[in-house]
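Chemist: You'll find data_23.csv just under this line, and it carries CSV, C-alpha atoms.
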chain,number,residue,atom,x,y,z
A,101,MET,CA,77.0,120.4,115.6
A,102,PHE,CA,78.3,119.7,112.1
A,103,GLU,CA,78.2,116.2,110.6
A,104,ILE,CA,81.2,114.5,109.0
A,105,ASN,CA,80.8,112.7,105.7
A,106,PRO,CA,82.6,109.4,106.1
A,107,VAL,CA,83.5,109.3,102.4
A,108,GLU,CA,85.1,112.8,102.6
A,109,LEU,CA,86.9,111.8,105.8
A,110,HIS,CA,88.3,108.7,104.1
A,111,THR,CA,89.5,110.8,101.1
A,112,VAL,CA,91.2,113.3,103.4
A,113,CYS,CA,92.9,110.5,105.4
A,114,MET,CA,94.1,108.7,102.3
A,115,ASN,CA,95.4,112.0,100.7
A,116,ARG,CA,97.3,112.6,103.9
A,117,PHE,CA,98.6,109.1,103.9
A,118,ASN,CA,99.6,109.1,100.3
A,119,ARG,CA,101.1,112.6,100.3
A,120,SER,CA,104.7,112.9,99.3
A,121,ASP,CA,106.9,115.7,100.5
A,122,LYS,CA,109.5,115.0,97.8
A,123,PRO,CA,110.1,117.8,95.3
A,124,ASP,CA,109.3,117.2,91.7
A,125,TRP,CA,112.9,117.2,90.7
A,126,VAL,CA,116.2,116.9,92.6
A,127,PRO,CA,119.5,117.5,90.9
A,128,PRO,CA,121.4,114.2,90.8
A,129,ARG,CA,124.7,114.0,92.6
A,130,SER,CA,126.3,111.5,90.2
A,131,ALA,CA,128.5,112.7,87.4
A,132,ARG,CA,127.9,110.0,84.8
A,133,LEU,CA,124.6,109.9,82.9
A,134,LEU,CA,123.7,106.3,83.6
A,135,ASP,CA,124.5,106.6,87.3
A,136,GLN,CA,122.2,109.6,87.4
A,137,VAL,CA,119.4,107.5,85.9
A,138,ARG,CA,120.0,104.8,88.6
A,139,GLU,CA,120.1,107.5,91.3
A,140,ARG,CA,116.8,109.0,90.3
A,141,VAL,CA,115.1,105.6,89.9
A,142,ARG,CA,116.2,104.6,93.4
A,143,TYR,CA,115.2,107.9,94.8
A,144,LEU,CA,111.6,107.3,93.5
A,145,HIS,CA,111.7,103.8,94.9
A,146,TYR,CA,111.1,102.1,91.5
A,147,SER,CA,111.9,98.4,91.1
A,148,LEU,CA,115.2,97.0,90.1
A,149,GLN,CA,113.7,95.8,86.8
A,150,THR,CA,112.5,99.3,86.0
A,151,GLU,CA,116.0,100.6,86.8
A,152,LYS,CA,117.5,98.1,84.3
A,153,VAL,CA,115.0,99.0,81.6
A,154,TYR,CA,115.5,102.8,81.9
A,155,VAL,CA,119.3,102.4,82.0
A,156,TYR,CA,119.2,100.2,78.9
A,157,TRP,CA,117.1,102.6,76.8
A,158,ALA,CA,119.1,105.7,77.9
A,159,LYS,CA,122.3,103.9,76.9
A,160,ALA,CA,120.8,102.7,73.6
A,161,PHE,CA,119.6,106.3,72.8
A,162,VAL,CA,123.0,107.8,73.2
A,163,LEU,CA,124.8,105.0,71.3
A,164,TRP,CA,122.3,105.3,68.4
A,165,ALA,CA,122.8,109.1,68.2
A,166,ALA,CA,126.6,108.5,68.1
A,167,ARG,CA,126.3,105.9,65.3
A,168,SER,CA,123.9,108.2,63.3
A,169,GLY,CA,126.8,110.6,62.6
A,170,GLY,CA,126.5,113.1,65.3
A,171,GLY,CA,129.1,111.6,67.6
A,172,PHE,CA,128.7,111.2,71.3
A,173,ARG,CA,126.5,113.9,72.6
A,174,HIS,CA,124.8,114.5,75.9
A,175,PRO,CA,120.9,114.2,75.8
A,176,ARG,CA,120.8,117.9,76.8
A,177,GLU,CA,122.3,118.6,73.4
A,178,MET,CA,119.7,116.5,71.6
A,179,GLY,CA,116.1,117.4,70.8
A,180,GLN,CA,112.9,116.4,69.4
A,181,ALA,CA,114.3,115.3,66.0
A,182,ASP,CA,116.7,112.9,67.8
A,183,VAL,CA,114.1,111.4,70.0
A,184,GLU,CA,111.7,110.9,67.2
A,185,GLY,CA,114.4,109.5,65.0
A,186,PHE,CA,115.4,106.9,67.6
A,187,LEU,CA,111.7,105.9,68.1
A,188,THR,CA,111.2,105.7,64.3
A,189,MET,CA,114.2,103.4,64.0
A,190,LEU,CA,112.8,101.1,66.6
A,191,ALA,CA,109.4,100.9,64.8
A,192,THR,CA,110.7,100.6,61.2
A,193,GLU,CA,114.1,98.9,61.3
A,194,LYS,CA,113.9,96.9,64.5
A,195,GLN,CA,110.1,96.4,64.2
A,196,VAL,CA,109.6,96.3,67.9
A,197,SER,CA,106.1,95.7,69.4
A,198,PRO,CA,104.0,98.6,70.5
A,199,SER,CA,104.6,97.7,74.1
A,200,THR,CA,108.4,97.8,73.6
A,201,HIS,CA,108.0,101.1,71.7
A,202,ARG,CA,106.0,102.7,74.6
A,203,GLN,CA,108.6,101.4,77.0
A,204,ALA,CA,111.4,103.1,75.2
A,205,LEU,CA,109.4,106.3,75.0
A,206,ASN,CA,108.6,106.2,78.7
A,207,ALA,CA,112.3,105.7,79.5
A,208,LEU,CA,113.3,108.7,77.4
A,209,LEU,CA,110.5,110.9,79.0
A,210,PHE,CA,111.9,109.8,82.4
A,211,LEU,CA,115.4,110.7,81.3
A,212,TYR,CA,114.5,114.2,80.3
A,213,ARG,CA,111.9,115.0,83.0
A,214,GLN,CA,113.2,113.2,86.1
A,215,VAL,CA,116.9,112.9,85.5
A,216,LEU,CA,117.7,116.1,83.5
A,217,GLY,CA,114.9,118.2,84.9
A,218,MET,CA,113.9,119.4,81.4
A,219,GLU,CA,110.2,119.9,80.8
A,220,LEU,CA,110.3,120.6,77.1
A,221,PRO,CA,107.2,121.5,75.1
A,222,TRP,CA,107.9,119.0,72.3
A,223,LEU,CA,107.8,116.1,74.8
A,224,GLN,CA,104.0,116.5,74.8
A,225,HIS,CA,103.8,116.0,71.1
A,226,ILE,CA,105.8,112.8,70.7
A,227,GLY,CA,103.6,110.2,69.2
A,228,HIS,CA,102.5,107.4,71.5
A,229,PRO,CA,101.8,104.0,69.9
A,230,PRO,CA,98.2,102.9,70.6
A,231,GLU,CA,97.7,100.3,73.4
A,232,ARG,CA,96.1,97.2,72.0
A,233,LYS,CA,94.3,94.7,74.2
A,234,ARG,CA,95.3,91.1,73.3
A,235,ILE,CA,93.3,88.0,74.2
A,236,PRO,CA,95.4,86.0,76.7
A,237,VAL,CA,96.4,82.5,76.0
A,238,VAL,CA,94.5,80.2,78.4
A,239,LEU,CA,94.9,76.5,79.0
A,240,THR,CA,92.0,74.2,79.6
A,241,GLY,CA,91.7,72.4,83.0
A,242,GLN,CA,92.8,69.2,81.4
A,243,GLU,CA,95.8,70.8,79.8
A,244,VAL,CA,96.9,72.4,83.1
A,245,GLN,CA,96.6,69.1,84.8
A,246,TYR,CA,98.7,67.4,82.1
A,247,VAL,CA,101.4,70.0,82.1
A,248,LEU,CA,101.7,70.1,85.9
A,249,GLY,CA,101.9,66.3,85.9
A,250,LEU,CA,104.9,66.3,83.6
A,251,LYS,CA,106.9,68.6,85.8
A,252,THR,CA,108.8,67.4,88.9
A,253,GLY,CA,110.7,68.9,91.8
A,254,ILE,CA,110.6,72.5,92.8
A,255,GLU,CA,109.5,73.6,89.4
A,256,ALA,CA,106.3,71.5,89.6
A,257,MET,CA,105.4,73.1,93.0
A,258,MET,CA,106.1,76.6,91.8
A,259,ALA,CA,104.0,76.1,88.7
A,260,ALA,CA,101.2,74.7,90.8
A,261,LEU,CA,101.4,77.7,93.1
A,262,LEU,CA,101.2,80.1,90.2
A,263,TYR,CA,98.1,78.4,88.9
A,264,GLY,CA,96.5,77.8,92.3
A,265,SER,CA,97.0,81.3,93.6
A,266,GLY,CA,97.2,83.5,90.5
A,267,LEU,CA,100.6,84.9,91.4
A,268,ARG,CA,103.0,86.5,89.0
A,269,LEU,CA,106.4,84.8,88.7
A,270,ARG,CA,108.3,87.5,90.6
A,271,GLU,CA,105.7,87.6,93.3
A,272,ALA,CA,106.1,83.8,93.9
A,273,LEU,CA,109.9,84.0,93.8
A,274,GLY,CA,110.0,86.9,96.3
A,275,LEU,CA,107.9,85.1,98.9
A,276,ARG,CA,109.4,85.2,102.4
A,277,VAL,CA,108.7,82.6,105.1
A,278,LYS,CA,106.6,85.0,107.1
A,279,ASP,CA,104.3,85.6,104.1
A,280,VAL,CA,102.9,82.0,104.1
A,281,ASP,CA,100.0,81.5,106.6
A,282,PHE,CA,99.1,77.8,106.8
A,283,ASP,CA,96.5,78.3,109.5
A,284,ARG,CA,94.4,80.6,107.3
A,285,HIS,CA,95.5,79.0,104.0
A,286,ALA,CA,96.6,82.4,102.8
A,287,VAL,CA,99.7,83.9,101.1
A,288,VAL,CA,100.5,87.6,101.5
A,289,VAL,CA,102.0,89.2,98.5
A,290,ARG,CA,104.3,92.1,99.5
A,291,SER,CA,105.1,94.9,97.1
A,292,GLY,CA,103.5,93.3,94.0
A,293,LYS,CA,103.2,95.1,90.7
A,294,GLY,CA,102.6,98.8,91.4
A,295,ASP,CA,104.1,98.3,94.9
A,296,LYS,CA,100.8,97.0,96.2
A,297,ASP,CA,100.2,94.3,98.8
A,298,ARG,CA,97.4,91.8,98.6
A,299,VAL,CA,96.3,88.4,100.0
A,300,VAL,CA,95.6,85.4,97.9
A,301,MET,CA,94.5,81.8,98.7
A,302,LEU,CA,96.9,79.0,99.5
A,303,PRO,CA,95.6,75.8,97.8
A,304,LYS,CA,95.0,73.1,100.5
A,305,SER,CA,96.4,70.5,98.1
A,306,LEU,CA,99.7,72.3,98.0
A,307,VAL,CA,100.2,72.5,101.8
A,308,PRO,CA,102.3,69.3,102.2
A,309,ARG,CA,104.6,70.1,99.3
A,310,LEU,CA,105.0,73.7,100.5
A,311,GLN,CA,105.8,72.5,104.0
A,312,ALA,CA,108.4,70.2,102.6
A,313,GLN,CA,109.9,73.1,100.6
A,314,LEU,CA,110.1,75.2,103.8
A,315,ALA,CA,112.0,72.3,105.5
A,316,HIS,CA,114.5,72.4,102.6
A,317,ALA,CA,114.7,76.2,102.9
A,318,ARG,CA,115.3,75.9,106.6
A,319,ALA,CA,118.3,73.6,106.0
A,320,VAL,CA,119.8,76.2,103.6
A,321,TRP,CA,119.1,79.0,106.1
A,322,GLU,CA,120.8,77.0,108.9
A,323,GLN,CA,123.8,76.4,106.7
A,324,ASP,CA,124.1,80.1,105.9
A,325,ARG,CA,123.9,81.0,109.5
A,326,ALA,CA,126.6,78.4,110.4
A,327,SER,CA,128.8,79.8,107.7
A,328,GLY,CA,128.3,83.4,108.9
A,329,ARG,CA,127.0,84.6,105.5
A,330,SER,CA,125.2,87.9,105.0
A,331,GLY,CA,121.5,87.9,105.4
A,332,VAL,CA,119.0,88.1,102.6
A,333,PHE,CA,118.1,91.4,100.9
A,334,LEU,CA,115.6,93.6,102.8
A,335,PRO,CA,113.5,96.3,101.1
A,336,HIS,CA,113.3,100.0,101.9
A,337,ALA,CA,116.3,100.4,104.1
A,338,LEU,CA,115.0,97.9,106.7
A,339,GLU,CA,118.5,96.5,106.8
A,340,ARG,CA,119.7,99.7,108.5
A,341,LYS,CA,116.7,99.9,110.8
A,342,TYR,CA,116.8,96.2,111.8
A,343,PRO,CA,120.4,95.1,111.1
A,344,ARG,CA,119.9,91.4,112.0
A,345,ALA,CA,116.5,91.0,110.4
A,346,GLY,CA,118.0,89.8,107.1
A,347,GLU,CA,119.5,86.8,109.0
A,348,SER,CA,116.2,85.8,110.6
A,349,TRP,CA,114.2,82.8,109.5
A,350,ALA,CA,111.1,84.9,109.0
A,351,TRP,CA,112.7,87.0,106.3
A,352,PHE,CA,114.3,84.1,104.5
A,353,TRP,CA,113.2,83.1,100.9
A,354,VAL,CA,110.6,80.3,100.4
A,355,PHE,CA,112.5,79.5,97.2
A,356,PRO,CA,116.2,80.1,97.9
A,357,SER,CA,118.8,79.7,95.2
A,358,HIS,CA,121.4,77.0,95.7
A,359,LYS,CA,124.1,79.5,94.7
A,360,LEU,CA,125.2,82.8,96.2
A,361,SER,CA,125.1,86.0,94.1
A,362,VAL,CA,126.2,89.6,94.3
A,363,ASP,CA,123.5,92.2,95.0
A,364,PRO,CA,123.7,94.6,92.1
A,365,GLN,CA,122.7,97.6,94.2
A,366,THR,CA,125.0,97.0,97.3
A,367,GLY,CA,127.7,94.7,95.9
A,368,VAL,CA,127.2,92.4,98.9
A,369,GLU,CA,127.4,88.6,98.2
A,370,ARG,CA,124.3,87.0,99.6
A,371,ARG,CA,121.7,84.3,98.9
A,372,HIS,CA,119.0,85.4,96.5
A,373,HIS,CA,115.8,83.6,95.4
A,374,LEU,CA,115.7,81.2,92.5
A,375,TYR,CA,116.5,82.6,89.0
A,376,GLU,CA,113.4,83.5,86.9
A,377,ASP,CA,114.4,81.6,83.8
A,378,ARG,CA,114.5,78.3,85.7
A,379,LEU,CA,110.7,77.8,85.7
A,380,ASN,CA,110.3,79.3,82.2
A,381,ARG,CA,112.6,76.6,80.7
A,382,ALA,CA,111.0,73.8,82.6
A,383,LEU,CA,107.5,74.9,81.7
A,384,LYS,CA,108.3,75.1,77.9
A,385,GLN,CA,109.8,71.7,78.0
A,386,ALA,CA,106.6,70.3,79.6
A,387,VAL,CA,104.4,72.0,77.1
A,388,MET,CA,106.4,70.5,74.2
A,389,ARG,CA,106.2,67.1,75.7
A,390,ALA,CA,102.5,67.5,76.2
A,391,GLY,CA,102.1,68.4,72.5
A,392,ILE,CA,100.1,71.6,73.3
A,393,ALA,CA,100.0,73.9,70.3
A,394,LYS,CA,99.7,77.1,72.2
A,395,HIS,CA,102.2,79.9,73.0
A,396,VAL,CA,102.5,79.1,76.7
A,397,SER,CA,104.6,81.1,79.2
A,398,VAL,CA,104.7,81.2,83.0
A,399,HIS,CA,102.1,84.0,82.9
A,400,THR,CA,99.7,81.7,81.1
A,401,LEU,CA,99.2,79.9,84.4
A,402,ARG,CA,97.9,83.2,85.9
A,403,HIS,CA,95.7,83.8,82.9
A,404,SER,CA,94.3,80.3,83.3
A,405,PHE,CA,93.7,80.8,87.1
A,406,ALA,CA,91.6,83.9,86.4
A,407,THR,CA,89.6,82.4,83.5
A,408,HIS,CA,88.8,79.2,85.4
A,409,LEU,CA,87.6,81.1,88.5
A,410,LEU,CA,85.3,83.2,86.3
A,411,GLN,CA,84.1,80.1,84.5
A,412,ALA,CA,83.3,78.5,87.9
A,413,GLY,CA,81.1,81.5,88.8
A,414,THR,CA,83.4,83.6,90.9
A,415,ASP,CA,82.5,87.3,91.1
A,416,ILE,CA,84.7,89.4,88.9
A,417,ARG,CA,85.5,91.8,91.7
A,418,THR,CA,86.9,89.0,93.7
A,419,VAL,CA,89.0,87.9,90.8
A,420,GLN,CA,90.2,91.5,90.4
A,421,GLU,CA,91.3,91.6,94.0
A,422,LEU,CA,93.1,88.2,93.8
A,423,LEU,CA,95.0,89.3,90.7
A,424,GLY,CA,95.8,92.8,92.2
A,425,HIS,CA,94.3,94.7,89.2
A,426,SER,CA,93.8,98.4,89.9
A,427,ASP,CA,90.9,98.6,87.5
A,428,VAL,CA,88.2,96.0,86.8
A,429,SER,CA,88.5,96.7,83.1
A,430,THR,CA,91.8,94.9,83.2
A,431,THR,CA,90.2,91.8,84.6
A,432,MET,CA,87.4,92.1,82.0
A,433,ILE,CA,89.8,90.8,79.4
A,434,TYR,CA,89.2,87.3,80.7
A,435,THR,CA,85.5,87.5,80.0
A,436,HIS,CA,86.2,87.7,76.3
A,437,VAL,CA,87.7,84.2,76.5
A,438,LEU,CA,84.6,82.9,78.2
A,439,LYS,CA,82.2,84.4,75.7
A,440,VAL,CA,83.4,82.0,73.0
A,441,ALA,CA,84.6,79.1,75.3
A,442,ALA,CA,81.2,78.9,76.9
A,443,GLY,CA,79.5,78.3,73.6
A,444,GLY,CA,76.7,80.7,74.4
A,445,THR,CA,76.5,82.0,70.8
A,446,ALA,CA,76.0,79.4,68.1
A,447,SER,CA,77.7,79.7,64.7
A,448,PRO,CA,75.3,80.2,61.8
A,449,LEU,CA,77.2,77.3,60.1
A,450,ASP,CA,75.9,74.9,62.8
A,451,ALA,CA,72.4,76.1,62.1
A,452,LEU,CA,72.8,75.2,58.4
A,453,ALA,CA,74.1,71.8,59.3
A,454,LEU,CA,71.2,71.1,61.6
A,455,SER,CA,68.6,72.1,58.9
A,456,ALA,CA,70.3,70.0,56.4
Starting from the file, give its structure as structure tokens.
Modeler:
Amino acid sequence: MFEINPVELHTVCMNRFNRSDKPDWVPPRSARLLDQVRERVRYLHYSLQTEKVYVYWAKAFVLWAARSGGGFRHPREMGQADVEGFLTMLATEKQVSPSTHRQALNALLFLYRQVLGMELPWLQHIGHPPERKRIPVVLTGQEVQYVLGLKTGIEAMMAALLYGSGLRLREALGLRVKDVDFDRHAVVVRSGKGDKDRVVMLPKSLVPRLQAQLAHARAVWEQDRASGRSGVFLPHALERKYPRAGESWAWFWVFPSHKLSVDPQTGVERRHHLYEDRLNRALKQAVMRAGIAKHVSVHTLRHSFATHLLQAGTDIRTVQELLGHSDVSTTMIYTHVLKVAAGGTASPLDALALSA
């Protein structure tokens, strides 16, 4: 009788689970170029943000080629010189960052490979800007406490949740009622970056405020149901499979917007979650009032969460899982902050001062 290797069995099962029967390229049905980009992005189940970015760069590329003297041409009629000329313009005239430069390049590669179905040899020889690791901005515990104390209302609670659970802003805004587990003090993040799910801790000190927020959200939900409004957005065609699920309390937003908006993909007017810039503006105002001379953004709260956990002795693999990083090398960037912050290595200047 043969013996089954559990590692090989796991690999086979995961390969079967992750297997995709979709062909590498499907001719788009739309006639207009930008609609073709949207069609392909949605076919591959990319995020709405990725769709906006790829459409933006495809449009910018065509407009730049037209202004450069060649007139309006289809990307099929353009080649390596045009792509490199556009990327050179971004680097020299616009002086965009390397990350923005790579984003534009990836959008053009998507346009040619996935939308137009053109696998051209010169695509492999387009120069890629090197990826540089930057040390993240991290607040001290006292600075976090001071900034959170200056904020009030829903912005204060969202900022506390980002710092207390290590969530990205969009992950927090996209939380549904069913994703908050008060009994286990856990928050389930659905379809995070890379379309991955994970579980993070729910700070016990935040439970009363989050329960009050859910009471407010419940009142908004009841008002929508009484008015007969459309339910909230459901991902991955669940709205067709469960037509009434979008109207249920379980799928409602934890942080609903006070205004209705039109869904850009379906054209349906419905209630969405809070707008992203709302917390950004409130946080920057709090940082200015606190007099903190650091470039602080909403993502700084997530950086501070990871750094403070490592500083408290939390295993780096645990921090990696909480942050949702695919590779521990991404999480290792926070150890560079600790090397200096911990004061483990003394400066030679201090040794001179002591001897003197």
Chemist: Find the residues near segment 308-310 of chain A: any atom within 9 Å, counting only C-alpha atoms, skip ones fewer than 5 places away on the same chain, and give them as a VMD selection string.
Modeler: chain A and resid 257 315 354
Chemist: Kindly save the residues from that selection, with C-alpha atoms included, as a PDB file, keeping the file's coordinate frame.
Modeler:
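The new file selection-v7.pdb reads:
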ATOM      1  CA  MET A 257     105.400  73.100  93.000  1.00  0.00           C
ATOM      2  CA  ALA A 315     112.000  72.300 105.500  1.00  0.00           C
ATOM      3  CA  VAL A 354     110.600  80.300 100.400  1.00  0.00           C
TER       4      VAL A 354
END
Chemist: Write out as number ranges by chain which residues come within 10 Å of segment 154-171 of chain A when counting all atoms listed in the file, dropping same-chain ones fewer than 2 positions away.
Modeler: A: 133-138, 141, 149-152, 173-175, 178, 182-183, 185-187, 189, 203-212
Chemist: Save out the residues we just selected, C-alpha atoms, as a JSON list (two decimals), in the frame of the given file.
Modeler:
[["chain", "number", "residue", "atom", "x", "y", "z"],
["A", 133, "LEU", "CA", 124.60, 109.90, 82.90],
["A", 134, "LEU", "CA", 123.70, 106.30, 83.60],
["A", 135, "ASP", "CA", 124.50, 106.60, 87.30],
["A", 136, "GLN", "CA", 122.20, 109.60, 87.40],
["A", 137, "VAL", "CA", 119.40, 107.50, 85.90],
["A", 138, "ARG", "CA", 120.00, 104.80, 88.60],
["A", 141, "VAL", "CA", 115.10, 105.60, 89.90],
["A", 149, "GLN", "CA", 113.70, 95.80, 86.80],
["A", 150, "THR", "CA", 112.50, 99.30, 86.00],
["A", 151, "GLU", "CA", 116.00, 100.60, 86.80],
["A", 152, "LYS", "CA", 117.50, 98.10, 84.30],
["A", 173, "ARG", "CA", 126.50, 113.90, 72.60],
["A", 174, "HIS", "CA", 124.80, 114.50, 75.90],
["A", 175, "PRO", "CA", 120.90, 114.20, 75.80],
["A", 178, "MET", "CA", 119.70, 116.50, 71.60],
["A", 182, "ASP", "CA", 116.70, 112.90, 67.80],
["A", 183, "VAL", "CA", 114.10, 111.40, 70.00],
["A", 185, "GLY", "CA", 114.40, 109.50, 65.00],
["A", 186, "PHE", "CA", 115.40, 106.90, 67.60],
["A", 187, "LEU", "CA", 111.70, 105.90, 68.10],
["A", 189, "MET", "CA", 114.20, 103.40, 64.00],
["A", 203, "GLN", "CA", 108.60, 101.40, 77.00],
["A", 204, "ALA", "CA", 111.40, 103.10, 75.20],
["A", 205, "LEU", "CA", 109.40, 106.30, 75.00],
["A", 206, "ASN", "CA", 108.60, 106.20, 78.70],
["A", 207, "ALA", "CA", 112.30, 105.70, 79.50],
["A", 208, "LEU", "CA", 113.30, 108.70, 77.40],
["A", 209, "LEU", "CA", 110.50, 110.90, 79.00],
["A", 210, "PHE", "CA", 111.90, 109.80, 82.40],
["A", 211, "LEU", "CA", 115.40, 110.70, 81.30],
["A", 212, "TYR", "CA", 114.50, 114.20, 80.30]]
Chemist: Just how far from atom CA of Arg202 of chain A is atom CA of Pro229 of chain A, in Å to one decimal?
Modeler: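 Value for the atom CA of Pro229 of chain A-atom CA of Arg202 of chain A distance: 6.4 Å.
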Chemist: Using all atoms listed in the file, which residues sit within 12 Å of Thr430 of chain A once same-chain residues fewer than 2 positions away are excluded, as a list in words?
Modeler: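 Near neighbours after the sequence-gap exclusion: Lys233, Arg234, Ile235, Pro236, His403, Ala406, Ile416, Arg417, Val419, Gln420, Glu421, Leu423, Gly424, His425, Ser426, Asp427, Val428, Met432, Ile433, Tyr434, Thr435 and His436 of chain A.
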Chemist: Write to file, as a tab-separated table (two decimals), in the coordinates of the input, the residues of the selection just made, with C-alpha atoms.
Modeler:
chain	number	residue	atom	x	y	z
A	233	LYS	CA	94.30	94.70	74.20
A	234	ARG	CA	95.30	91.10	73.30
A	235	ILE	CA	93.30	88.00	74.20
A	236	PRO	CA	95.40	86.00	76.70
A	403	HIS	CA	95.70	83.80	82.90
A	406	ALA	CA	91.60	83.90	86.40
A	416	ILE	CA	84.70	89.40	88.90
A	417	ARG	CA	85.50	91.80	91.70
A	419	VAL	CA	89.00	87.90	90.80
A	420	GLN	CA	90.20	91.50	90.40
A	421	GLU	CA	91.30	91.60	94.00
A	423	LEU	CA	95.00	89.30	90.70
A	424	GLY	CA	95.80	92.80	92.20
A	425	HIS	CA	94.30	94.70	89.20
A	426	SER	CA	93.80	98.40	89.90
A	427	ASP	CA	90.90	98.60	87.50
A	428	VAL	CA	88.20	96.00	86.80
A	432	MET	CA	87.40	92.10	82.00
A	433	ILE	CA	89.80	90.80	79.40
A	434	TYR	CA	89.20	87.30	80.70
A	435	THR	CA	85.50	87.50	80.00
A	436	HIS	CA	86.20	87.70	76.30
Chemist: Which of these, A:Ser348, A:Pro356, A:Asp363, A:Leu223, has the shortest distance to Leu148 of chain A once you count all atoms listed in the file?
Modeler: A:Asp363
Chemist: Using only C-alpha atoms, find the one residue out of A:Leu334, A:Thr366, A:Ser291, A:Pro448 that sits nearest to Arg270 of chain A.
Modeler: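 Between A:Leu334, A:Thr366, A:Ser291, A:Pro448, the residue approaching Arg270 of chain A most closely is A:Ser291.
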Chemist: Would you mind telling me which residue in A:Pro335, A:Val368, A:Pro230, A:Lys278 lies nearest to Ser199 of chain A when using all atoms listed in the file?
Modeler: A:Pro230
Chemist: Atom CA of Asp297 of chain A and atom CA of Leu360 of chain A are how many Å apart?
Modeler: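 Result for atom CA of Asp297 of chain A versus atom CA of Leu360 of chain A: 27.6 Å, one decimal.
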Chemist: Any idea what's packed within 9 Å of segment 386-388 of chain A, counting all atoms listed in the file, ignoring anything in its chain fewer than 5 positions away? Could you give it as an NGL selection string?
Modeler: :A and (246-251 or 381 or 393-394 or 396)
Chemist: Using only C-alpha atoms, determine which residues lie at most 10 Å from Glu376 of chain A, disregarding the query and same-chain residues fewer than 3 positions distant; provide the list as a ChimeraX atom specification.
Modeler: /A:269-270,273,373,379-381,398
Chemist: Dump C-alpha atoms for the selected residues as a PDB file, in the frame of the given file?
Modeler:
ATOM      1  CA  LEU A 269     106.400  84.800  88.700  1.00  0.00           C
ATOM      2  CA  ARG A 270     108.300  87.500  90.600  1.00  0.00           C
ATOM      3  CA  LEU A 273     109.900  84.000  93.800  1.00  0.00           C
ATOM      4  CA  HIS A 373     115.800  83.600  95.400  1.00  0.00           C
ATOM      5  CA  LEU A 379     110.700  77.800  85.700  1.00  0.00           C
ATOM      6  CA  ASN A 380     110.300  79.300  82.200  1.00  0.00           C
ATOM      7  CA  ARG A 381     112.600  76.600  80.700  1.00  0.00           C
ATOM      8  CA  VAL A 398     104.700  81.200  83.000  1.00  0.00           C
TER       9      VAL A 398
END
Chemist: What is the atom CA of His316 of chain A-atom CA of Thr252 of chain A distance in Å, reported with one decimal?
Modeler: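 Separation between atom CA of His316 of chain A and atom CA of Thr252 of chain A: 15.7 Å.
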Chemist: Compare A:Gln214, A:Ser447, A:Ser130, A:Ser147 by their minimum atom-to-atom distance to His336 of chain A, counting all atoms listed in the file, and give me the closest one.
Modeler: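 Of all the options, A:Ser147 lies closest to His336 of chain A.
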Chemist: From the set A:Ala337, A:Ala259, A:Leu302, A:Ile254, which residue has the shortest atom-to-atom contact distance to Ala317 of chain A, counting all atoms listed in the file?
Modeler: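 So, comparing all the options, the nearest one is A:Ile254.
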